[in-house]
>>> print(open('data.txt').read())   # compact mmCIF, C-alpha atoms and all ligand atoms
# COMPACT_ATOMS: atom_id res chain seq x y z
CA MET A 248 45.99 106.95 84.83
CA SER A 249 48.42 109.79 84.12
CA ASP A 250 52.11 109.40 85.04
CA PRO A 251 52.57 110.77 88.61
CA ARG A 252 56.26 111.50 88.03
CA PRO A 253 57.39 115.08 87.36
CA SER A 254 58.32 115.57 83.71
CA VAL A 255 61.17 117.80 82.60
CA LEU A 256 61.85 119.05 79.08
CA PHE A 257 65.28 120.45 78.21
CA VAL A 258 65.30 122.66 75.14
CA CYS A 259 68.13 124.30 73.26
CA VAL A 260 68.64 125.30 69.66
CA HIS A 261 70.42 122.22 68.32
CA ASN A 262 69.46 119.57 70.93
CA ALA A 263 72.98 118.31 70.31
CA GLY A 264 74.96 119.40 73.33
CA ARG A 265 73.56 121.27 76.32
CA SER A 266 70.09 119.73 76.41
CA GLN A 267 71.40 116.22 75.71
CA MET A 268 73.96 116.57 78.50
CA ALA A 269 71.28 117.86 80.89
CA ALA A 270 68.96 114.97 79.99
CA GLY A 271 71.87 112.54 80.46
CA PHE A 272 72.59 113.88 83.95
CA LEU A 273 68.92 113.86 84.90
CA ARG A 274 68.55 110.20 83.86
CA ALA A 275 71.76 109.22 85.65
CA LEU A 276 70.93 111.12 88.84
CA ALA A 277 67.20 110.47 89.12
CA GLY A 278 66.76 107.18 87.24
CA ASP A 279 63.07 106.65 86.48
CA LYS A 280 61.87 109.04 89.19
CA VAL A 281 61.56 111.82 86.61
CA GLU A 282 60.27 111.67 83.05
CA VAL A 283 62.82 113.44 80.88
CA ARG A 284 62.76 114.73 77.31
CA SER A 285 65.07 116.92 75.32
CA ALA A 286 64.48 118.72 72.05
CA GLY A 287 65.79 121.53 69.87
CA SER A 288 64.26 124.47 68.05
CA ALA A 289 66.61 123.75 65.10
CA PRO A 290 67.97 120.25 65.77
CA ALA A 291 71.38 119.22 64.47
CA ASP A 292 72.10 115.98 62.58
CA GLN A 293 73.85 114.26 65.48
CA VAL A 294 74.86 114.82 69.07
CA ASN A 295 78.06 116.85 69.36
CA PRO A 296 80.87 114.23 69.68
CA VAL A 297 82.79 116.48 72.10
CA ALA A 298 79.73 116.53 74.40
CA VAL A 299 79.56 112.73 74.08
CA ALA A 300 83.25 112.51 75.07
CA ALA A 301 82.85 114.90 78.02
CA MET A 302 79.90 112.90 79.35
CA ALA A 303 81.76 109.60 78.85
CA GLU A 304 84.46 110.94 81.18
CA VAL A 305 81.91 111.01 84.00
CA GLY A 306 80.48 107.63 83.05
CA ILE A 307 77.35 108.78 81.20
CA ASP A 308 76.73 107.56 77.66
CA ILE A 309 74.75 109.94 75.43
CA ALA A 310 76.16 108.57 72.16
CA ASP A 311 72.89 106.85 71.28
CA GLN A 312 70.75 110.00 71.70
CA HIS A 313 69.22 111.61 68.60
CA PRO A 314 68.51 115.33 68.24
CA THR A 315 64.74 115.83 68.23
CA VAL A 316 62.61 118.66 66.90
CA LEU A 317 60.73 120.64 69.53
CA THR A 318 56.93 120.54 69.32
CA ALA A 319 54.38 122.60 71.23
CA GLY A 320 52.79 119.31 72.38
CA MET A 321 56.03 118.24 74.03
CA SER A 322 56.26 121.50 75.84
CA ARG A 323 52.60 121.47 76.93
CA VAL A 324 52.82 118.08 78.69
CA SER A 325 55.99 118.94 80.66
CA ASP A 326 55.85 120.16 84.27
CA VAL A 327 59.21 121.87 83.96
CA VAL A 328 60.66 123.42 80.81
CA VAL A 329 64.34 124.37 80.92
CA THR A 330 65.43 126.52 78.01
CA MET A 331 69.06 127.10 77.08
CA GLY A 332 69.60 129.81 74.57
CA CYS A 333 66.56 129.39 72.31
CA GLY A 334 64.85 132.57 73.52
CA ASP A 335 61.22 133.14 72.55
CA VAL A 336 61.31 130.34 69.96
CA CYS A 337 60.74 127.82 72.74
CA PRO A 338 57.12 127.86 73.89
CA THR A 339 56.10 127.65 77.54
CA PHE A 340 52.61 127.37 78.99
CA PRO A 341 50.83 128.84 82.04
CA GLY A 342 51.20 126.78 85.20
CA GLN A 343 54.50 125.35 84.10
CA ARG A 344 57.76 125.95 85.85
CA HIS A 345 60.12 127.66 83.40
CA GLU A 346 63.85 128.10 83.91
CA ASP A 347 66.22 129.71 81.44
CA TRP A 348 69.78 128.46 81.98
CA GLN A 349 72.46 130.82 80.67
CA LEU A 350 75.12 128.44 79.38
CA SER A 351 77.66 128.75 76.59
CA ASP A 352 76.93 126.79 73.42
CA PRO A 353 79.27 123.75 73.18
CA ALA A 354 78.98 123.66 69.37
CA GLY A 355 82.46 123.98 67.85
CA GLN A 356 84.19 124.16 71.25
CA GLY A 357 87.10 122.02 72.48
CA ILE A 358 86.91 119.46 75.26
CA GLU A 359 88.12 121.82 78.03
CA THR A 360 85.32 124.28 77.36
CA VAL A 361 82.72 121.54 77.00
CA ARG A 362 83.85 119.96 80.28
CA ALA A 363 83.25 123.25 82.06
CA ILE A 364 79.77 123.54 80.50
CA ARG A 365 79.09 119.90 81.46
CA ASP A 366 79.97 120.58 85.10
CA GLN A 367 77.74 123.67 85.22
CA ILE A 368 74.90 121.57 83.81
CA ARG A 369 75.50 118.82 86.40
CA ASP A 370 75.30 121.40 89.22
CA ARG A 371 72.09 122.91 87.83
CA VAL A 372 70.46 119.50 87.32
CA GLY A 373 71.33 118.63 90.94
CA THR A 374 69.71 121.87 92.15
CA LEU A 375 66.63 121.24 90.00
CA LEU A 376 66.22 117.75 91.46
CA ASP A 377 66.57 119.16 94.97
CA ASP A 378 63.85 121.71 94.17
CA LEU A 379 61.60 118.97 92.80
CA GLY A 380 62.16 116.95 95.98
CA VAL A 381 63.65 114.07 93.99
CA GLY A 382 66.52 112.26 95.70
CA THR A 383 69.49 111.39 93.55
CA GLN A 384 70.58 107.78 93.25
CA ASP A 385 73.98 106.33 94.01
CA ALA A 386 74.44 105.04 90.48
CA SER A 387 76.18 108.25 89.44
CA ALA A 388 78.92 107.71 92.04
CA ASP A 389 79.31 104.14 90.76
CA ASP A 390 79.53 105.50 87.23
CA VAL A 391 82.31 107.92 88.19
CA ARG A 392 84.21 105.14 89.96
CA ALA A 393 83.82 102.90 86.89
CA VAL A 394 85.46 105.52 84.66
CA VAL A 395 88.26 106.07 87.19
CA ARG A 396 88.77 102.31 87.61
CA GLU A 397 89.06 101.77 83.85
CA HIS A 398 91.57 104.61 83.58
CA TYR A 399 93.82 103.23 86.34
CA ALA A 400 93.49 99.64 85.16
CA LYS A 401 95.07 100.81 81.89
CA ALA A 402 97.76 102.74 83.80
CA ALA A 403 98.58 99.59 85.81
CA THR A 404 98.83 97.44 82.71
CA ARG A 405 100.96 100.02 80.91
CA GLY A 406 103.22 100.52 83.90
CA SER A 407 103.76 96.81 84.44
CA GLN A 408 104.90 96.49 80.83
CA GLN A 409 107.21 99.48 80.55
CA PRO A 410 108.69 102.18 82.75
CA SER A 411 106.20 104.82 81.70
CA GLY A 412 105.85 106.53 85.08
CA CYS A 413 103.37 109.33 85.16
CA CYS A 414 104.02 110.83 81.76
CA GLY A 415 103.59 108.20 79.12
CA PRO A 416 103.14 109.12 75.50
CA ALA A 417 99.37 108.87 75.65
CA PRO A 418 97.61 111.96 76.95
CA SER A 419 96.55 111.88 80.59
CA SER A 420 98.15 108.53 81.29
CA CYS A 421 97.56 109.19 84.99
CA CYS A 422 97.44 112.32 87.15
CA GLY A 423 98.07 115.71 85.59
CA PRO A 424 96.60 118.21 83.19
CA SER A 425 98.45 116.69 80.22
CA ALA A 426 101.33 114.41 79.39
CA SER A 427 104.14 116.93 79.28
CA SER A 428 107.64 117.00 80.64
CA ALA A 429 106.45 119.70 83.05
CA THR A 430 103.86 117.24 84.35
CA LYS A 431 106.65 114.83 85.16
CA GLN A 432 108.12 117.26 87.70
CA VAL A 433 104.86 117.75 89.63
CA PHE A 434 103.41 114.23 89.56
CA GLY A 435 104.86 110.78 90.03
CA ALA A 436 108.15 109.20 90.98
CA SER A 437 110.34 112.32 90.74
CA LEU A 438 108.75 113.61 93.97
CA TYR A 439 110.30 110.80 96.04
CA GLY A 440 113.96 111.77 95.84
CA SER A 441 116.26 109.17 97.40
CA ASP A 442 113.28 107.15 98.76
CA LEU A 443 112.80 105.85 95.22
CA GLY A 444 115.76 103.52 95.53
CA LEU A 445 114.04 101.73 98.42
CA VAL A 446 111.24 100.14 96.36
CA PRO A 447 111.24 97.73 93.39
CA VAL A 448 111.26 99.35 89.98
CA GLY A 449 107.81 97.82 89.39
CA ALA A 450 106.42 100.11 92.12
CA SER A 451 108.27 103.27 91.08
CA ASN A 452 107.24 102.76 87.44
CA VAL A 453 103.61 103.09 88.49
CA SER A 454 104.01 105.98 90.88
CA LEU A 455 101.02 108.17 90.05
CA GLY A 456 100.87 110.46 93.05
CA CYS A 457 101.34 114.18 93.64
CA GLY A 458 103.64 114.07 96.67
CA ASN A 459 105.44 111.74 99.06
CA PRO A 460 103.01 111.26 101.95
CA VAL A 461 105.38 108.89 103.75
CA ALA A 462 107.93 111.71 104.04
CA VAL A 463 105.48 113.90 105.96
CA ALA A 464 103.37 111.34 107.84
CA GLU A 465 105.93 110.90 110.67
CA LEU A 466 105.54 107.13 110.87
CA ASN A 467 107.05 105.29 113.83
CA PRO A 468 108.04 101.66 114.41
CA GLY A 469 105.12 99.44 115.40
CA GLN A 470 102.36 101.61 113.91
CA ARG A 471 99.47 100.37 111.79
CA VAL A 472 99.02 102.39 108.62
CA LEU A 473 96.37 102.53 105.89
CA ASP A 474 97.06 103.84 102.37
CA LEU A 475 93.91 104.97 100.51
CA GLY A 476 94.09 104.13 96.79
CA SER A 477 97.39 102.26 97.09
CA GLY A 478 97.94 101.85 93.33
CA GLY A 479 101.15 99.96 92.54
CA GLY A 480 102.04 99.99 96.23
CA ILE A 481 104.90 102.52 96.43
CA ASP A 482 103.66 104.25 99.59
CA VAL A 483 102.67 100.98 101.29
CA LEU A 484 106.16 99.58 100.71
CA LEU A 485 107.89 102.75 101.93
CA SER A 486 105.62 102.86 105.00
CA ALA A 487 106.34 99.20 105.74
CA ARG A 488 110.03 100.05 106.11
CA ARG A 489 109.23 102.90 108.50
CA VAL A 490 106.91 100.94 110.79
CA GLY A 491 109.23 97.91 110.80
CA PRO A 492 108.36 94.27 111.47
CA GLU A 493 106.23 95.17 114.53
CA GLY A 494 104.07 97.45 112.42
CA PHE A 495 101.65 96.70 109.59
CA VAL A 496 100.46 98.53 106.47
CA TYR A 497 97.17 98.06 104.60
CA GLY A 498 96.61 99.29 101.06
CA VAL A 499 93.06 99.65 99.76
CA ASP A 500 92.32 100.03 96.07
CA MET A 501 89.29 99.27 93.90
CA THR A 502 91.21 98.35 90.72
CA ASP A 503 92.15 94.67 90.31
CA GLU A 504 95.05 95.41 88.00
CA MET A 505 96.58 97.78 90.59
CA LEU A 506 96.08 95.24 93.39
CA ASP A 507 97.80 92.51 91.34
CA LEU A 508 100.72 94.81 90.63
CA ALA A 509 101.03 95.94 94.26
CA ARG A 510 101.02 92.35 95.54
CA LYS A 511 103.71 91.40 93.02
CA ASN A 512 105.79 94.42 94.03
CA ALA A 513 105.52 93.46 97.72
CA THR A 514 106.64 89.92 96.88
CA ASP A 515 109.54 91.23 94.79
CA ALA A 516 110.56 93.52 97.66
CA GLY A 517 110.35 90.63 100.17
CA VAL A 518 108.00 92.71 102.33
CA THR A 519 105.58 90.68 104.47
CA ASN A 520 104.05 93.21 106.90
CA VAL A 521 101.60 94.51 104.28
CA GLU A 522 98.21 93.52 102.91
CA PHE A 523 96.40 94.89 99.87
CA ARG A 524 92.61 94.78 100.16
CA LYS A 525 90.09 95.36 97.42
CA GLY A 526 87.49 98.00 98.22
CA THR A 527 86.43 101.57 97.75
CA ILE A 528 87.70 104.38 99.91
CA GLU A 529 84.07 105.47 100.48
CA ASP A 530 83.36 102.12 102.21
CA LEU A 531 86.65 100.90 103.62
CA PRO A 532 87.10 97.14 104.17
CA LEU A 533 88.61 97.68 107.65
CA ASP A 534 87.31 97.53 111.22
CA ASP A 535 86.63 100.57 113.36
CA ALA A 536 89.62 102.18 115.12
CA CYS A 537 92.14 99.69 113.70
CA VAL A 538 94.90 101.98 112.35
CA ASP A 539 97.15 104.71 113.79
CA VAL A 540 97.81 106.69 110.61
CA VAL A 541 96.02 107.07 107.28
CA ILE A 542 98.05 108.17 104.28
CA SER A 543 97.07 108.64 100.63
CA ASN A 544 98.66 109.97 97.48
CA CYS A 545 96.49 111.81 94.97
CA VAL A 546 93.36 109.72 95.40
CA VAL A 547 90.80 111.66 97.46
CA ASN A 548 90.34 114.08 94.54
CA LEU A 549 89.17 111.09 92.43
CA SER A 550 86.33 110.18 94.79
CA PRO A 551 82.77 111.11 93.83
CA ASP A 552 81.89 111.30 97.57
CA LYS A 553 84.69 112.96 99.52
CA ALA A 554 82.57 113.44 102.65
CA ALA A 555 82.06 109.66 102.80
CA VAL A 556 85.82 109.09 102.38
CA LEU A 557 86.71 111.36 105.29
CA ALA A 558 83.97 109.85 107.48
CA GLU A 559 85.40 106.40 106.74
CA VAL A 560 88.94 107.57 107.51
CA PHE A 561 87.66 108.91 110.84
CA ARG A 562 85.95 105.57 111.59
CA VAL A 563 89.00 103.36 110.95
CA LEU A 564 91.46 105.61 112.85
CA ARG A 565 91.99 104.97 116.54
CA PRO A 566 91.31 107.95 118.82
CA GLY A 567 94.38 110.18 118.60
CA GLY A 568 95.18 108.75 115.15
CA ARG A 569 96.43 110.99 112.37
CA VAL A 570 95.88 111.71 108.70
CA GLY A 571 98.76 112.64 106.35
CA ILE A 572 97.52 112.89 102.78
CA SER A 573 99.05 114.21 99.56
CA ASP A 574 96.40 115.49 97.19
CA VAL A 575 95.69 118.09 94.53
CA VAL A 576 93.93 121.10 96.07
CA ALA A 577 92.58 124.21 94.36
CA GLU A 578 92.95 127.79 95.54
CA ASP A 579 89.67 128.91 97.10
CA HIS A 580 88.72 131.34 94.35
CA LEU A 581 88.52 128.63 91.66
CA SER A 582 84.99 127.44 90.90
CA PRO A 583 84.42 123.75 90.07
CA ALA A 584 84.06 124.75 86.41
CA GLN A 585 87.42 126.57 86.48
CA ARG A 586 89.06 123.49 88.02
CA ALA A 587 87.56 121.35 85.24
CA GLU A 588 89.00 123.71 82.62
CA ARG A 589 92.49 122.93 83.95
CA GLY A 590 92.44 119.15 83.51
CA GLU A 591 90.49 115.93 83.51
CA TYR A 592 88.72 114.30 86.44
CA THR A 593 90.67 111.07 85.92
CA GLY A 594 93.85 113.18 85.70
CA CYS A 595 93.38 114.26 89.36
CA ILE A 596 92.52 117.87 88.49
CA ALA A 597 88.81 118.44 87.86
CA GLY A 598 87.67 116.64 91.04
CA ALA A 599 90.01 118.50 93.40
CA LEU A 600 88.59 120.24 96.45
CA SER A 601 89.52 123.79 97.33
CA ARG A 602 91.48 124.39 100.53
CA ILE A 603 88.42 125.65 102.41
CA GLU A 604 86.26 122.79 101.13
CA TYR A 605 88.86 120.29 102.40
CA LEU A 606 89.04 121.93 105.82
CA ASP A 607 85.23 122.08 106.07
CA LEU A 608 84.85 118.39 105.17
CA LEU A 609 87.56 117.39 107.67
CA ALA A 610 85.81 119.37 110.40
CA ALA A 611 82.43 117.88 109.46
CA ALA A 612 83.93 114.38 109.75
CA GLY A 613 85.10 115.21 113.30
CA PHE A 614 88.80 115.92 112.76
CA THR A 615 90.73 118.58 114.65
CA ASP A 616 94.07 120.36 114.06
CA ALA A 617 93.48 120.22 110.31
CA SER A 618 95.84 121.94 107.88
CA VAL A 619 96.25 122.08 104.11
CA THR A 620 99.71 123.18 102.98
CA PHE A 621 100.43 123.82 99.32
CA THR A 622 103.77 122.32 98.22
CA HIS A 623 103.98 122.84 94.44
CA GLU A 624 101.78 124.15 91.68
CA VAL A 625 100.40 121.44 89.36
CA ALA A 626 98.16 123.68 87.23
CA ASP A 627 97.22 127.35 87.30
CA ALA A 628 96.06 128.04 90.91
CA MET A 629 96.00 124.32 91.72
CA HIS A 630 98.59 122.67 93.94
CA GLY A 631 100.04 119.47 95.22
CA ALA A 632 99.31 119.75 98.94
CA ILE A 633 99.85 118.02 102.27
CA VAL A 634 96.65 117.56 104.24
CA LYS A 635 96.98 116.80 107.93
CA ALA A 636 94.40 116.26 110.66
CA THR A 637 93.91 114.39 113.94
CA LYS A 638 91.09 112.28 115.31
CA PRO A 639 90.52 113.60 118.83
CA GLN A 640 91.26 111.28 121.77
CA ILE A 641 87.75 111.75 123.01
CA THR A 642 85.06 112.14 120.37
CA SER A 643 81.66 113.59 121.09
CA SER A 644 78.78 111.22 120.26
CA ARG A 645 77.86 111.95 116.66
C1 LIG B 1 96.33 108.58 90.99
S1 LIG B 1 96.45 106.89 91.38
C2 LIG B 1 97.49 106.94 92.81
C3 LIG B 1 98.05 105.61 93.18
C4 LIG B 1 99.08 105.63 94.32
N1 LIG B 1 98.55 106.24 95.51
C5 LIG B 1 100.34 106.34 93.89
O1 LIG B 1 100.72 107.33 94.50
O2 LIG B 1 100.96 105.88 92.91
C6 LIG B 1 94.83 106.57 92.04
C7 LIG B 1 94.61 105.17 92.60
O3 LIG B 1 93.45 105.21 93.43
C8 LIG B 1 92.55 104.20 93.08
N2 LIG B 1 91.21 104.75 93.34
C9 LIG B 1 90.65 105.86 92.78
N3 LIG B 1 89.44 106.09 93.29
C10 LIG B 1 89.21 105.10 94.20
C11 LIG B 1 88.11 104.80 95.07
N4 LIG B 1 87.01 105.56 95.07
N5 LIG B 1 88.21 103.73 95.88
C12 LIG B 1 89.34 102.94 95.85
N6 LIG B 1 90.40 103.17 95.05
C13 LIG B 1 90.35 104.25 94.24
C14 LIG B 1 92.83 103.89 91.63
O4 LIG B 1 92.48 102.57 91.31
C15 LIG B 1 94.33 104.12 91.54
O5 LIG B 1 95.05 102.96 91.86
>>> encode(input="data.txt", output="structure tokens", more="lines below")
Ligand SMILES: C[S@@+](CC[C@H](N)C(=O)[O-])C[C@H]1O[C@@H](n2cnc3c(N)ncnc32)[C@H](O)[C@@H]1O
Amino acid sequence: MSDPRPSVLFVCVHNAGRSQMAAGFLRALAGDKVEVRSAGSAPADQVNPVAVAAMAEVGIDIADQHPTVLTAGMSRVSDVVVTMGCGDVCPTFPGQRHEDWQLSDPAGQGIETVRAIRDQIRDRVGTLLDDLGVGTQDASADDVRAVVREHYAKAATRGSQQPSGCCGPAPSSCCGPSASSATKQVFGASLYGSDLGLVPVGASNVSLGCGNPVAVAELNPGQRVLDLGSGGGIDVLLSARRVGPEGFVYGVDMTDEMLDLARKNATDAGVTNVEFRKGTIEDLPLDDACVDVVISNCVVNLSPDKAAVLAEVFRVLRPGGRVGISDVVAEDHLSPAQRAERGEYTGCIAGALSRIEYLDLLAAAGFTDASVTFTHEVADAMHGAIVKATKPQITSSR
């Protein structure tokens, strides 16, 4: 019996960059629901290592792929043939779906350029799967979270050993386009001003945010607060002071090393009205309507499913509850590829929403009175921003 699954062949000249990345995304997004091949009209010796690195950043391993020579037989048995820059050399057959994707060649390009090509390919593969009626699987979101978790586990370990702050010697030690002294001014502890003296040095050393959400969240004594992606705990500890002994602050983070550090910092600070819970911000480990205010510092941009995050924030807020989030936000004219050119996903740049996208997602989640206010530029046309919104007192049944 013939295989009932649709089969897709990606073809480019070298089969060493574009087509291998496309095949990697298709496998990651569709699993075994699609049969996938890739080949080249003039295959290279090995897969482009910069393409391998760019894919590793989003949790997809193509290092073990081998460039393959294109044959007419391969093309004939494929339902869909996607060509990328091999022109008439790549054969197609009647009855087949043929798409020609105009993408730059990653050969000889640096990581920033290849990242942008990678993100264009991811978008096109997603559209192709939609057209084929193939649902994508959640594994890709898990893959993204795994890469982010590994990155921040290292940042936690580094920060607990030395006062590296945001701008350690290694590139992209946390948020930011690169590890430069300029980065230090727009990310991390320097944004806290005199508040910094109120937390243990172990918390300020691992301050990886892009604002001071506690300064703008207007916290009052007795309130219950949730910090999304609490990291080393700086915003939880500052919030705990504001809400006082009658209030309570939860921190949620998915990275064990960060949770260990945050708990130690709370102990060192002698703060008892806090709890750090392990979990993802897309599936919060909290009951419905249990907090008054949700804060966060440079974390929503790292989520592979921002709509799920905002829906969860809406769920855990009590009616009338408020959101006060610091995050990186892009100007509306920047495409996802242009955002990716400005910095890494794990560095809080490539995954940033635009202002309109943020407002649309907040509205879709049910929030009202939403605003996104740029505070400081962190990369060309990308900003640290304060995001505010309110859960209405009375919500329509959704
Ligand atoms: C850029 S750091 C910010 C940490 C802290 N808010 C601060 O200002 O220092 C991102 C933190 O969010 C956590 N994180 C990222 N994505 C997450 C997700 N999807 N679910 C839970 N935690 C996440 C990471 O483990 C890391 O501790």
>>> atom_distance(input="data.txt", atom1="CA of Ala487 in chain A", atom2="atom C11 of ligand LIG 1 (chain B)")
21.9 Å
>>> residues_near_ligand(input="data.txt", ligand="ligand LIG 1 (chain B)", cutoff="7 Å", atoms="only C-alpha atoms and all ligand atoms", output="short mmCIF file (atom, residue, chain, number, x, y, z; two decimals) with C-alpha atoms, in the coordinates of the input")
data_model
loop_
_atom_site.label_atom_id
_atom_site.label_comp_id
_atom_site.auth_asym_id
_atom_site.auth_seq_id
_atom_site.Cartn_x
_atom_site.Cartn_y
_atom_site.Cartn_z
CA ARG A 392 84.21 105.14 89.96
CA VAL A 395 88.26 106.07 87.19
CA ARG A 396 88.77 102.31 87.61
CA TYR A 399 93.82 103.23 86.34
CA ALA A 400 93.49 99.64 85.16
CA CYS A 421 97.56 109.19 84.99
CA CYS A 422 97.44 112.32 87.15
CA GLY A 435 104.86 110.78 90.03
CA VAL A 453 103.61 103.09 88.49
CA SER A 454 104.01 105.98 90.88
CA LEU A 455 101.02 108.17 90.05
CA GLY A 456 100.87 110.46 93.05
CA CYS A 457 101.34 114.18 93.64
CA LEU A 475 93.91 104.97 100.51
CA GLY A 476 94.09 104.13 96.79
CA SER A 477 97.39 102.26 97.09
CA GLY A 478 97.94 101.85 93.33
CA GLY A 479 101.15 99.96 92.54
CA GLY A 480 102.04 99.99 96.23
CA ILE A 481 104.90 102.52 96.43
CA ASP A 482 103.66 104.25 99.59
CA VAL A 499 93.06 99.65 99.76
CA ASP A 500 92.32 100.03 96.07
CA MET A 501 89.29 99.27 93.90
CA THR A 502 91.21 98.35 90.72
CA MET A 505 96.58 97.78 90.59
CA GLY A 526 87.49 98.00 98.22
CA THR A 527 86.43 101.57 97.75
CA ILE A 528 87.70 104.38 99.91
CA GLU A 529 84.07 105.47 100.48
CA SER A 543 97.07 108.64 100.63
CA ASN A 544 98.66 109.97 97.48
CA CYS A 545 96.49 111.81 94.97
CA VAL A 546 93.36 109.72 95.40
CA LEU A 549 89.17 111.09 92.43
CA SER A 550 86.33 110.18 94.79
CA CYS A 595 93.38 114.26 89.36
#
>>> residues_around(input="data.txt", residues="range 585-590 of chain A", least_positions_apart="4", cutoff="8 Å", atoms="only C-alpha atoms", output="list in words")
Glu359, Thr360, Arg362, Ala363, Asp366, Gly423, Pro424, Ser425, Ala577, Leu581, Gly594, Cys595, Ile596, Ala597, Gly598, Ala599, Ala626, Asp627 and Met629 of chain A
>>> closest_residue(input="data.txt", among="A:Ile542, A:Ala286, A:Cys333, A:Leu376", to="Arg471 in chain A", atoms="only C-alpha atoms")
A:Ile542
>>> residues_around(input="data.txt", residues="Arg284 in chain A", least_positions_apart="4", cutoff="7 Å", atoms="all atoms listed in the file", output="PyMOL selection string")
chain A and resi 255-257+270
>>> build_atoms(input="data.txt", residues="range 296-309 of chain A", atoms="N, CA and C atoms", output="compact mmCIF listing (two decimals), in the frame of the given file")
# COMPACT_ATOMS: atom_id res chain seq x y z
N PRO A 296 79.98 115.28 69.16
CA PRO A 296 80.87 114.23 69.68
C PRO A 296 81.72 114.70 70.86
N VAL A 297 82.00 116.00 70.95
CA VAL A 297 82.79 116.48 72.10
C VAL A 297 81.93 116.42 73.37
N ALA A 298 80.64 116.68 73.24
CA ALA A 298 79.73 116.53 74.40
C ALA A 298 79.64 115.06 74.79
N VAL A 299 79.60 114.18 73.79
CA VAL A 299 79.56 112.73 74.08
C VAL A 299 80.82 112.34 74.86
N ALA A 300 81.98 112.85 74.41
CA ALA A 300 83.25 112.51 75.07
C ALA A 300 83.29 113.05 76.50
N ALA A 301 82.82 114.29 76.67
CA ALA A 301 82.85 114.90 78.02
C ALA A 301 81.94 114.12 78.97
N MET A 302 80.81 113.67 78.49
CA MET A 302 79.90 112.90 79.35
C MET A 302 80.47 111.51 79.64
N ALA A 303 81.15 110.93 78.63
CA ALA A 303 81.76 109.60 78.85
C ALA A 303 82.78 109.66 79.98
N GLU A 304 83.46 110.80 80.11
CA GLU A 304 84.46 110.94 81.18
C GLU A 304 83.84 110.80 82.56
N VAL A 305 82.56 111.15 82.69
CA VAL A 305 81.91 111.01 84.00
C VAL A 305 80.96 109.81 83.99
N GLY A 306 81.18 108.91 83.03
CA GLY A 306 80.48 107.63 83.05
C GLY A 306 79.06 107.66 82.50
N ILE A 307 78.71 108.70 81.73
CA ILE A 307 77.35 108.78 81.20
C ILE A 307 77.41 108.74 79.68
N ASP A 308 76.68 107.78 79.11
CA ASP A 308 76.73 107.56 77.66
C ASP A 308 75.54 108.26 76.99
N ILE A 309 75.83 109.29 76.18
CA ILE A 309 74.75 109.94 75.43
C ILE A 309 74.95 109.73 73.92
